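Structure data (compact mmCIF, C-alpha atoms and all ligand atoms) from query.txt:
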```
# COMPACT_ATOMS: atom_id res chain seq x y z
CA MET D 1 -4.75 -0.81 35.67
CA GLY D 2 -4.12 -0.73 39.40
CA GLN D 3 -6.19 -3.88 39.99
CA LYS D 4 -5.12 -7.17 41.52
CA LEU D 5 -6.41 -9.63 38.95
CA ASP D 6 -7.38 -13.27 39.29
CA PRO D 7 -5.85 -14.68 36.09
CA MET D 8 -8.28 -17.63 36.03
CA LYS D 9 -11.40 -15.48 36.30
CA GLU D 10 -10.66 -11.94 35.23
CA VAL D 11 -8.40 -12.48 32.21
CA LEU D 12 -9.28 -14.30 29.01
CA GLY D 13 -6.94 -15.02 26.09
CA THR D 14 -8.65 -14.21 22.77
CA LEU D 15 -7.99 -14.96 19.13
CA GLY D 16 -6.63 -11.46 18.54
CA ALA D 17 -8.57 -8.49 19.82
CA ASN D 18 -10.95 -9.17 16.96
CA GLY D 19 -11.74 -12.61 18.40
CA GLY D 20 -12.33 -10.83 21.72
CA LEU D 21 -14.68 -8.37 20.04
CA HIS D 22 -16.61 -11.25 18.50
CA CYS D 23 -16.93 -13.17 21.78
CA PHE D 24 -17.81 -10.21 24.00
CA ILE D 25 -20.22 -8.57 21.56
CA ASN D 26 -21.98 -11.92 21.17
CA GLY D 27 -21.73 -12.62 24.90
CA LEU D 28 -23.13 -9.26 26.02
CA LEU D 29 -25.51 -8.18 23.24
CA ASN D 30 -28.82 -10.03 23.02
CA PRO D 31 -30.79 -10.26 19.76
CA GLY D 32 -32.73 -7.08 19.05
CA LYS D 33 -30.67 -5.01 21.51
CA GLU D 34 -28.51 -2.02 20.59
CA LEU D 35 -24.79 -1.48 20.73
CA VAL D 36 -23.80 2.16 21.04
CA THR D 37 -20.51 3.31 19.57
CA PHE D 38 -18.92 6.29 17.85
CA GLU D 39 -18.92 6.44 14.06
CA PRO D 40 -16.59 6.19 12.10
CA MET D 41 -15.48 2.90 13.65
CA PHE D 42 -13.36 -0.23 13.09
CA PRO D 43 -15.65 -1.95 10.53
CA MET D 44 -15.45 -5.42 12.09
CA TYR D 45 -17.75 -4.14 14.85
CA LEU D 46 -20.61 -4.26 12.34
CA ASP D 47 -20.17 -7.93 11.48
CA HIS D 48 -20.04 -8.95 15.13
CA ILE D 49 -23.20 -6.95 15.89
CA ASP D 50 -24.96 -8.57 12.90
CA LEU D 51 -23.95 -12.06 14.03
CA ALA D 52 -25.23 -11.32 17.52
CA GLY D 53 -28.56 -10.27 15.98
CA GLY D 54 -28.15 -6.84 17.54
CA ARG D 55 -28.38 -3.34 16.11
CA LEU D 56 -25.91 -0.49 15.88
CA ARG D 57 -26.78 2.88 17.38
CA SER D 58 -24.00 5.18 16.36
CA VAL D 59 -23.03 8.60 17.61
CA PRO D 60 -21.04 10.67 15.11
CA LEU D 61 -17.56 12.00 15.70
CA ASN D 62 -17.28 15.31 13.88
CA ILE D 63 -14.35 17.60 13.14
CA LYS D 64 -14.25 20.82 15.13
CA ASP D 65 -11.14 23.01 15.15
CA ASN D 66 -9.10 20.21 13.51
CA LYS D 67 -10.15 17.76 16.30
CA TRP D 68 -12.67 14.92 16.33
CA THR D 69 -15.35 15.64 18.91
CA PHE D 70 -18.75 14.28 19.92
CA ASN D 71 -21.90 15.91 21.16
CA PRO D 72 -22.53 14.64 24.74
CA ASP D 73 -26.30 15.09 24.26
CA ASP D 74 -26.20 12.70 21.28
CA LEU D 75 -24.39 10.11 23.37
CA TYR D 76 -26.76 10.50 26.32
CA ASN D 77 -29.70 10.17 23.95
CA ALA D 78 -28.23 6.95 22.52
CA PHE D 79 -27.78 5.49 26.03
CA SER D 80 -31.39 6.48 26.83
CA GLN D 81 -32.91 4.32 24.10
CA PRO D 82 -34.93 1.43 25.53
CA ASP D 83 -32.87 -1.23 23.70
CA ALA D 84 -29.41 0.24 24.41
CA SER D 85 -27.43 -2.45 26.21
CA VAL D 86 -23.71 -2.32 25.27
CA PHE D 87 -21.35 0.63 24.79
CA LEU D 88 -18.27 -0.05 22.68
CA PHE D 89 -15.49 2.44 23.33
CA ASN D 90 -12.18 2.72 21.44
CA SER D 91 -9.26 4.98 22.36
CA PRO D 92 -6.80 5.66 20.75
CA HIS D 93 -9.43 5.51 18.04
CA ASN D 94 -9.34 3.80 14.66
CA PRO D 95 -9.69 5.39 12.11
CA THR D 96 -9.64 9.00 13.42
CA GLY D 97 -6.49 8.88 15.58
CA LYS D 98 -8.47 10.57 18.37
CA VAL D 99 -7.21 10.00 21.91
CA PHE D 100 -10.11 10.64 24.28
CA THR D 101 -9.12 12.86 27.18
CA LYS D 102 -9.60 11.82 30.80
CA GLN D 103 -12.29 14.53 31.08
CA GLU D 104 -14.19 13.05 28.13
CA MET D 105 -13.97 9.59 29.68
CA GLU D 106 -15.20 10.92 33.03
CA LEU D 107 -18.12 12.56 31.28
CA ILE D 108 -19.04 9.30 29.56
CA SER D 109 -18.59 7.34 32.77
CA ASP D 110 -20.88 9.76 34.66
CA MET D 111 -23.52 9.32 31.95
CA LEU D 112 -23.24 5.54 32.22
CA ASP D 113 -23.99 5.79 35.95
CA ASP D 114 -27.53 6.71 34.87
CA PHE D 115 -27.84 3.47 32.87
CA PRO D 116 -26.60 0.66 35.14
CA HIS D 117 -27.85 -2.03 32.70
CA ILE D 118 -25.36 -0.89 29.99
CA LYS D 119 -22.15 -2.94 29.82
CA VAL D 120 -18.97 -1.62 28.20
CA ILE D 121 -16.43 -3.17 25.85
CA SER D 122 -13.34 -0.97 25.74
CA ASP D 123 -11.20 -1.67 22.69
CA GLU D 124 -7.73 -0.53 23.77
CA VAL D 125 -5.56 -2.18 21.15
CA TYR D 126 -3.61 1.07 20.66
CA SER D 127 -3.19 1.74 24.41
CA PHE D 128 0.59 2.13 24.06
CA LEU D 129 0.31 4.73 21.29
CA PRO D 130 -0.96 8.11 22.55
CA PHE D 131 1.42 10.73 21.10
CA ASP D 132 2.74 14.11 22.27
CA GLY D 133 3.42 12.89 25.81
CA ALA D 134 -0.27 12.10 26.44
CA GLU D 135 -1.00 9.36 28.94
CA HIS D 136 -3.24 6.38 28.18
CA HIS D 137 -6.21 6.16 30.53
CA TYR D 138 -7.83 2.74 30.84
CA PHE D 139 -11.58 3.32 30.54
CA ALA D 140 -12.18 0.63 33.17
CA THR D 141 -10.27 2.66 35.77
CA ILE D 142 -12.41 5.79 35.39
CA GLY D 143 -15.29 6.44 37.82
CA ASN D 144 -17.50 3.38 38.41
CA ASN D 145 -16.48 1.69 35.17
CA TRP D 146 -14.64 -1.36 36.51
CA GLU D 147 -17.70 -3.52 37.22
CA ARG D 148 -19.28 -2.80 33.83
CA THR D 149 -16.21 -2.91 31.55
CA VAL D 150 -14.29 -5.54 29.62
CA SER D 151 -11.03 -4.14 28.17
CA LEU D 152 -9.53 -5.70 25.05
CA PHE D 153 -5.85 -5.71 24.09
CA SER D 154 -3.85 -7.02 21.16
CA GLY D 155 -0.40 -8.65 21.07
CA GLY D 156 -0.56 -8.23 17.30
CA LYS D 157 -0.81 -4.45 17.61
CA LEU D 158 1.75 -4.22 20.41
CA PHE D 159 4.38 -6.24 18.57
CA ASN D 160 3.43 -5.24 15.01
CA CYS D 161 2.53 -8.80 14.10
CA THR D 162 -1.23 -8.71 13.57
CA GLY D 163 -1.18 -12.11 11.86
CA TRP D 164 -0.26 -13.78 15.18
CA LYS D 165 -3.78 -13.14 16.43
CA VAL D 166 -3.11 -13.16 20.15
CA GLY D 167 -5.23 -10.85 22.27
CA TRP D 168 -6.55 -10.76 25.82
CA ALA D 169 -9.51 -9.41 27.72
CA ILE D 170 -9.51 -8.07 31.29
CA GLY D 171 -12.64 -7.45 33.34
CA PRO D 172 -14.81 -8.56 36.24
CA GLN D 173 -15.52 -12.28 36.41
CA PRO D 174 -19.26 -12.18 35.50
CA LEU D 175 -18.51 -10.37 32.24
CA ILE D 176 -15.39 -12.37 31.38
CA HIS D 177 -17.45 -15.51 31.96
CA LEU D 178 -19.96 -14.49 29.24
CA GLY D 179 -17.19 -13.93 26.68
CA ALA D 180 -15.58 -17.21 27.71
CA ILE D 181 -18.77 -19.13 26.94
CA VAL D 182 -18.77 -17.77 23.37
CA THR D 183 -15.01 -18.38 23.08
CA SER D 184 -15.52 -22.06 23.95
CA ALA D 185 -18.29 -22.41 21.39
CA VAL D 186 -16.55 -20.58 18.56
CA TYR D 187 -12.85 -21.50 18.72
CA TYR D 188 -12.38 -23.25 22.07
CA CYS D 189 -8.63 -22.56 22.13
CA PHE D 190 -6.21 -20.80 19.81
CA ASN D 191 -2.59 -20.50 18.71
CA HIS D 192 -0.86 -21.76 21.87
CA PRO D 193 2.74 -21.14 20.67
CA GLY D 194 1.73 -17.56 19.84
CA GLN D 195 0.26 -17.10 23.33
CA VAL D 196 3.49 -18.30 24.94
CA GLY D 197 5.53 -16.02 22.68
CA VAL D 198 3.42 -12.95 23.47
CA ALA D 199 3.25 -13.75 27.20
CA ASN D 200 7.03 -14.12 27.41
CA SER D 201 7.52 -10.82 25.58
CA LEU D 202 5.01 -8.71 27.51
CA ASP D 203 7.28 -7.71 30.39
CA LYS D 204 10.15 -7.09 27.99
CA ALA D 205 7.96 -4.80 25.84
CA PHE D 206 7.71 -2.33 28.70
CA SER D 207 11.11 -2.73 30.40
CA LYS D 208 13.42 0.23 29.85
CA ASP D 209 16.46 -1.71 28.63
CA PHE D 210 15.49 -2.20 24.99
CA LYS D 211 17.65 0.55 23.48
CA GLU D 212 19.63 3.72 24.23
CA VAL D 213 18.32 6.74 22.32
CA ASN D 214 20.15 10.04 22.83
CA GLY D 215 21.58 8.73 26.11
CA LYS D 216 18.11 7.69 27.36
CA SER D 217 17.01 4.08 27.86
CA VAL D 218 13.74 3.31 26.15
CA SER D 219 11.50 0.26 26.15
CA TYR D 220 10.41 -1.59 23.01
CA SER D 221 6.92 -0.09 23.20
CA GLU D 222 8.32 3.44 23.58
CA ASP D 223 10.61 2.82 20.64
CA VAL D 224 7.64 1.81 18.46
CA LYS D 225 5.67 4.82 19.67
CA ASN D 226 8.60 7.15 18.87
CA LEU D 227 8.82 5.70 15.35
CA PHE D 228 5.11 6.08 14.65
CA GLU D 229 5.03 9.56 16.18
CA SER D 230 7.96 10.67 14.03
CA ASN D 231 6.21 9.08 11.00
CA ARG D 232 3.14 11.12 11.88
CA ASN D 233 5.25 14.31 12.02
CA TYR D 234 7.02 13.47 8.77
CA LEU D 235 3.83 12.61 6.88
CA ASP D 236 1.93 15.60 8.25
CA LYS D 237 4.69 18.01 7.14
CA ALA D 238 5.22 16.35 3.75
CA LEU D 239 1.48 16.45 2.97
CA ARG D 240 1.24 20.12 3.94
CA GLU D 241 4.19 21.01 1.70
CA MET D 242 2.83 19.06 -1.26
CA PRO D 243 1.30 20.83 -4.27
CA LEU D 244 -1.66 18.41 -4.03
CA PRO D 245 -4.35 20.04 -1.88
CA PHE D 246 -4.13 17.59 1.03
CA LYS D 247 -5.00 18.80 4.52
CA PRO D 248 -3.78 16.41 7.19
CA LEU D 249 -5.83 16.39 10.38
CA HIS D 250 -4.09 16.29 13.72
CA CYS D 251 -3.46 12.67 14.67
CA GLU D 252 -3.26 12.17 18.45
CA GLY D 253 -2.27 8.49 18.46
CA GLY D 254 -2.53 5.00 17.00
CA TYR D 255 -1.58 3.53 13.64
CA PHE D 256 -3.18 6.03 11.24
CA LEU D 257 -3.37 9.63 10.08
CA ILE D 258 -6.42 11.15 8.37
CA ALA D 259 -6.15 13.70 5.56
CA ASP D 260 -8.88 15.90 4.11
CA ILE D 261 -9.04 15.43 0.32
CA SER D 262 -12.16 17.51 -0.33
CA GLU D 263 -10.21 19.87 -2.59
CA CYS D 264 -8.82 17.05 -4.74
CA ARG D 265 -12.02 16.24 -6.66
CA HIS D 266 -10.90 17.98 -9.87
CA LEU D 267 -7.81 15.74 -10.06
CA ILE D 268 -9.73 12.43 -10.06
CA PRO D 269 -10.55 11.00 -13.51
CA GLU D 270 -14.33 10.95 -14.03
CA ARG D 271 -14.78 7.19 -14.26
CA TYR D 272 -13.71 6.66 -10.63
CA LEU D 273 -16.49 9.04 -9.59
CA LYS D 274 -19.08 7.52 -11.92
CA THR D 275 -18.72 3.72 -11.77
CA HIS D 276 -17.57 0.89 -9.52
CA ASP D 277 -16.35 -0.80 -12.73
CA TYR D 278 -13.38 1.54 -12.87
CA GLN D 279 -10.43 -0.77 -13.64
CA LEU D 280 -8.74 -0.54 -17.05
CA PRO D 281 -6.89 -3.52 -18.62
CA GLU D 282 -3.52 -1.88 -17.87
CA HIS D 283 -4.37 -1.97 -14.14
CA GLY D 284 -3.93 -5.78 -14.23
CA PRO D 285 -6.44 -8.49 -13.30
CA LYS D 286 -9.77 -7.14 -12.07
CA THR D 287 -10.34 -7.15 -8.34
CA ASN D 288 -13.74 -7.42 -6.70
CA SER D 289 -14.79 -3.85 -6.12
CA TYR D 290 -16.81 -3.09 -3.02
CA PRO D 291 -19.93 -1.22 -4.23
CA LEU D 292 -20.05 1.30 -1.40
CA ASN D 293 -22.28 4.34 -2.03
CA MET D 294 -23.22 7.50 -0.20
CA PRO D 295 -26.79 7.52 1.19
CA ASP D 296 -27.83 9.50 -1.95
CA GLY D 297 -26.38 6.78 -4.23
CA ARG D 298 -23.19 8.57 -5.37
CA ILE D 299 -19.77 6.93 -5.21
CA PRO D 300 -18.05 8.54 -2.21
CA LEU D 301 -15.33 11.01 -3.14
CA ASP D 302 -12.81 9.32 -0.83
CA LEU D 303 -13.45 5.90 -2.43
CA ALA D 304 -12.96 7.31 -5.94
CA PHE D 305 -9.82 9.07 -4.71
CA CYS D 306 -8.35 5.91 -3.14
CA ARG D 307 -9.07 3.77 -6.22
CA TRP D 308 -7.41 6.35 -8.44
CA MET D 309 -4.42 6.56 -6.07
CA ALA D 310 -3.98 2.78 -5.93
CA CYS D 311 -4.48 2.07 -9.65
CA GLU D 312 -2.64 4.99 -11.19
CA ASN D 313 -0.25 6.33 -8.57
CA GLY D 314 0.82 3.26 -6.60
CA VAL D 315 -0.20 4.60 -3.18
CA VAL D 316 -2.77 2.71 -1.10
CA MET D 317 -4.97 4.59 1.36
CA MET D 318 -8.29 3.77 3.00
CA PRO D 319 -11.44 5.77 2.28
CA ASN D 320 -12.84 7.00 5.58
CA SER D 321 -16.40 6.35 4.35
CA PHE D 322 -15.59 2.64 4.71
CA PHE D 323 -15.62 3.12 8.50
CA TYR D 324 -19.36 3.85 8.64
CA LYS D 325 -22.32 1.49 8.48
CA PRO D 326 -23.37 1.39 4.80
CA GLY D 327 -26.14 3.96 4.37
CA SER D 328 -25.38 5.71 7.67
CA PRO D 329 -26.56 9.33 7.67
CA HIS D 330 -23.29 10.27 9.40
CA THR D 331 -21.09 9.07 6.51
CA THR D 332 -18.40 11.51 5.41
CA GLU D 333 -16.57 11.35 2.08
CA ASN D 334 -13.86 13.97 2.48
CA TYR D 335 -11.22 11.98 4.34
CA VAL D 336 -8.70 9.25 3.66
CA ARG D 337 -6.74 7.21 6.20
CA MET D 338 -3.00 6.70 5.80
CA ALA D 339 -0.81 4.24 7.68
CA ILE D 340 1.96 5.55 9.95
CA CYS D 341 2.62 2.09 11.43
CA LYS D 342 5.52 1.42 9.05
CA GLU D 343 9.25 1.79 8.67
CA ARG D 344 10.09 5.23 7.30
CA PRO D 345 11.29 4.21 3.78
CA GLY D 346 7.81 2.97 2.79
CA ILE D 347 6.28 6.31 3.76
CA GLU D 348 9.02 8.21 1.92
CA THR D 349 8.31 6.19 -1.23
CA ALA D 350 4.61 7.05 -0.95
CA ILE D 351 5.46 10.75 -0.64
CA GLU D 352 7.76 10.57 -3.70
CA ARG D 353 4.92 9.00 -5.69
CA LEU D 354 2.43 11.63 -4.51
CA LYS D 355 4.81 14.38 -5.63
CA LEU D 356 4.73 12.91 -9.15
CA VAL D 357 0.93 13.11 -9.21
CA LYS D 358 0.90 16.87 -9.17
CA ASN D 359 3.60 17.01 -11.82
CA ASN D 360 1.37 15.02 -14.18
CA HIS D 361 -1.46 17.56 -13.98
C1 LIG O 401 -9.67 -0.71 16.78
C2 LIG O 401 -9.24 -2.11 16.49
N1 LIG O 401 -9.68 -3.11 17.29
C3 LIG O 401 -9.32 -4.38 17.08
C4 LIG O 401 -8.48 -4.73 16.05
C5 LIG O 401 -8.12 -6.18 15.86
O1 LIG O 401 -6.93 -6.51 16.53
P1 LIG O 401 -6.26 -7.95 16.34
O2 LIG O 401 -5.34 -7.84 15.16
O3 LIG O 401 -5.55 -8.24 17.61
O4 LIG O 401 -7.36 -8.91 16.08
C6 LIG O 401 -8.00 -3.74 15.20
C7 LIG O 401 -7.14 -4.11 14.06
O5 LIG O 401 -7.06 -3.47 13.05
C8 LIG O 401 -8.39 -2.39 15.43
O6 LIG O 401 -7.96 -1.40 14.64
```

Would you write the structure of this file as structure tokens?
Amino acid sequence: MGQKLDPMKEVLGTLGANGGLHCFINGLLNPGKELVTFEPMFPMYLDHIDLAGGRLRSVPLNIKDNKWTFNPDDLYNAFSQPDASVFLFNSPHNPTGKVFTKQEMELISDMLDDFPHIKVISDEVYSFLPFDGAEHHYFATIGNNWERTVSLFSGGKLFNCTGWKVGWAIGPQPLIHLGAIVTSAVYYCFNHPGQVGVANSLDKAFSKDFKEVNGKSVSYSEDVKNLFESNRNYLDKALREMPLPFKPLHCEGGYFLIADISECRHLIPERYLKTHDYQLPEHGPKTNSYPLNMPDGRIPLDLAFCRWMACENGVVMMPNSFFYKPGSPHTTENYVRMAICKERPGIETAIERLKLVKNNH
């Protein structure tokens, strides 16, 4: 980040990045105030905002020319609201796979200059995963962002061990202090052996001597990125070649790829579209089904699609509508999220199963 940090004042270990989100959202967002973020979003944001007694003010990301984009006027308008007090930024972005460009970040940073009371939480858990040679830009290093930004990172994401729950926050002392107060109240300290393990591995993750690939030395983090990027390429191509009418969207980074399933409606058995009580006895013991609806009360197409895929075709995907606040006017239902953060054989098995689906129709 190009900063000389005081580890006692400007760095805080957190119980995963999610623990960091909890502590900084609660530390920075007062009851009744608004947190501005892009929608769709990592759904845990909503619970932390609720617990803080705050409100979400979302700005939609929309698809334009196969890319997720935002309208700068919408964002400026959100920042202008009298209760706006925290901006939560995430790049590479979950679930869309969008990697914000440096120009987009500069634009946002310039806007924030007009609202000096707004503090920023920058969720950078996928910082090591921008694809296609793109560089990761730390939001805190853009423009005047340093003094207003806390950046969150995740050892679980970096080392593919999310269950370890070791994260860390970096930022100016007055902001770190506020998160630290909540940390002390909520979990006080966490998983010390995990912290030592992650700390000892951090330098190694980025040192070039992990492996030789085609005569080139690569680091562990590059090796993971190369795997996920080649999974992205493989999945994108396989979905395009499939008789099922999937349309993968371009994924610029992170753990996930989004596909457009809007032309798959006719394949989904009616009951998945009509009821949340969709499981048949042959699907095994009933699971609790999350009764998510579109603002007009319908079951979202993507949810029906994912239930059908999981129950009858053995492939688990996430409905993109799950990444919106329930009832949000921005909710979309045409997209599903697929994981590329896996070893290749699992993805190949999923593709083989998807090929069978078309054959059955
Ligand atoms: C955008 C985003 N932020 C934070 C987290 C939580 O990270 P951790 O596993 O370190 O708690 C996730 C995990 O899915 C995520 O996707």

(request) Between atom CA of D:Ile299 and atom CA of D:Ala259, measure the distance and give it in Å to one decimal. (result)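 For atom CA of D:Ile299 relative to atom CA of D:Ala259, the distance reads 18.6 Å.
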
Check which residues fall inside 7 Å of ligand LIG 401 (chain O) when counting all atoms listed in the file, and print them as a PDB file with C-alpha atoms, keeping the file's coordinate frame.
```pdb
ATOM      1  CA  LEU D  15      -7.990 -14.960  19.130  1.00  0.00           C
ATOM      2  CA  GLY D  16      -6.630 -11.460  18.540  1.00  0.00           C
ATOM      3  CA  ALA D  17      -8.570  -8.490  19.820  1.00  0.00           C
ATOM      4  CA  ASN D  18     -10.950  -9.170  16.960  1.00  0.00           C
ATOM      5  CA  GLY D  19     -11.740 -12.610  18.400  1.00  0.00           C
ATOM      6  CA  PHE D  42     -13.360  -0.230  13.090  1.00  0.00           C
ATOM      7  CA  ASN D  90     -12.180   2.720  21.440  1.00  0.00           C
ATOM      8  CA  HIS D  93      -9.430   5.510  18.040  1.00  0.00           C
ATOM      9  CA  ASN D  94      -9.340   3.800  14.660  1.00  0.00           C
ATOM     10  CA  ASP D 123     -11.200  -1.670  22.690  1.00  0.00           C
ATOM     11  CA  VAL D 125      -5.560  -2.180  21.150  1.00  0.00           C
ATOM     12  CA  PHE D 153      -5.850  -5.710  24.090  1.00  0.00           C
ATOM     13  CA  SER D 154      -3.850  -7.020  21.160  1.00  0.00           C
ATOM     14  CA  GLY D 155      -0.400  -8.650  21.070  1.00  0.00           C
ATOM     15  CA  GLY D 156      -0.560  -8.230  17.300  1.00  0.00           C
ATOM     16  CA  LYS D 157      -0.810  -4.450  17.610  1.00  0.00           C
ATOM     17  CA  THR D 162      -1.230  -8.710  13.570  1.00  0.00           C
ATOM     18  CA  GLY D 163      -1.180 -12.110  11.860  1.00  0.00           C
ATOM     19  CA  LYS D 165      -3.780 -13.140  16.430  1.00  0.00           C
ATOM     20  CA  VAL D 166      -3.110 -13.160  20.150  1.00  0.00           C
ATOM     21  CA  GLY D 167      -5.230 -10.850  22.270  1.00  0.00           C
TER      22      GLY D 167
END
```

(message) Which residues are close to D:Lys102, i.e. within 12 Å by only C-alpha atoms, leaving aside same-chain residues fewer than 6 positions away? Reply as a PyMOL selection string.
(response) chain D and resi 91+108-109+134-143

(request) Compile the contact shell of stretch 344-356 of chain D as a list in words: residues with an atom at most 10 Å away, counting all atoms listed in the file, same-chain residues fewer than 4 positions apart removed. (result)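 Here the qualifying residues turn out to be Leu227, Phe228, Ser230, Asn231, Arg232, Tyr234, Leu235, Ala238, Leu239, Glu241, Met242, Pro243, Leu244, Met309, Asn313, Gly314, Val315, Val316, Met338, Ala339, Ile340, Asn360 and His361 of chain D.
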
(message) For a cutoff of 6 Å around the file-coordinate point (-4.5, 10.3, 14.3), which residues qualify once you count all atoms listed in the file? I'd like the result as a ChimeraX atom specification.
(response) /D:96-98,251-253,256-257

(message) Calculated over all atoms listed in the file, which of the candidates D:Val224, D:Tyr335, D:Met318, D:Val218 has the smallest distance to D:Phe246?
(response) D:Tyr335

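Across D:Gly215, D:Gly171, D:Gly179, D:Pro295, the tightest approach to D:Pro7 is made by D:Gly171 when counting all atoms listed in the file.
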
(message) Can you pull out the residues contacting D:Ser262? Cut-off 10 Å, using all atoms listed in the file, and skip same-chain residues under 6 positions away; I want them as an NGL selection string.
(response) :D and (245-247 or 301-302 or 305 or 333-336)

(request) Can you pull out every residue within 12 Å of D:Gly133, counting all atoms listed in the file, but drop anything in the same chain fewer than 4 positions away, and send it as a list in words? (result) Val99, Phe128, Leu129, Glu222, Lys225, Asn226, Glu229, Glu252 and Gly253 of chain D

(request) Figure out the distance between atom CA of D:Ile258 and atom CA of D:His330, please, to one decimal in Å. (result) 16.9 Å

(message) Rounded to one decimal, what separation in Å do you get between atom CA of D:Ser58 and atom CA of D:Pro72?
(response)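 Atom CA of D:Ser58 sits 12.7 Å away from atom CA of D:Pro72.
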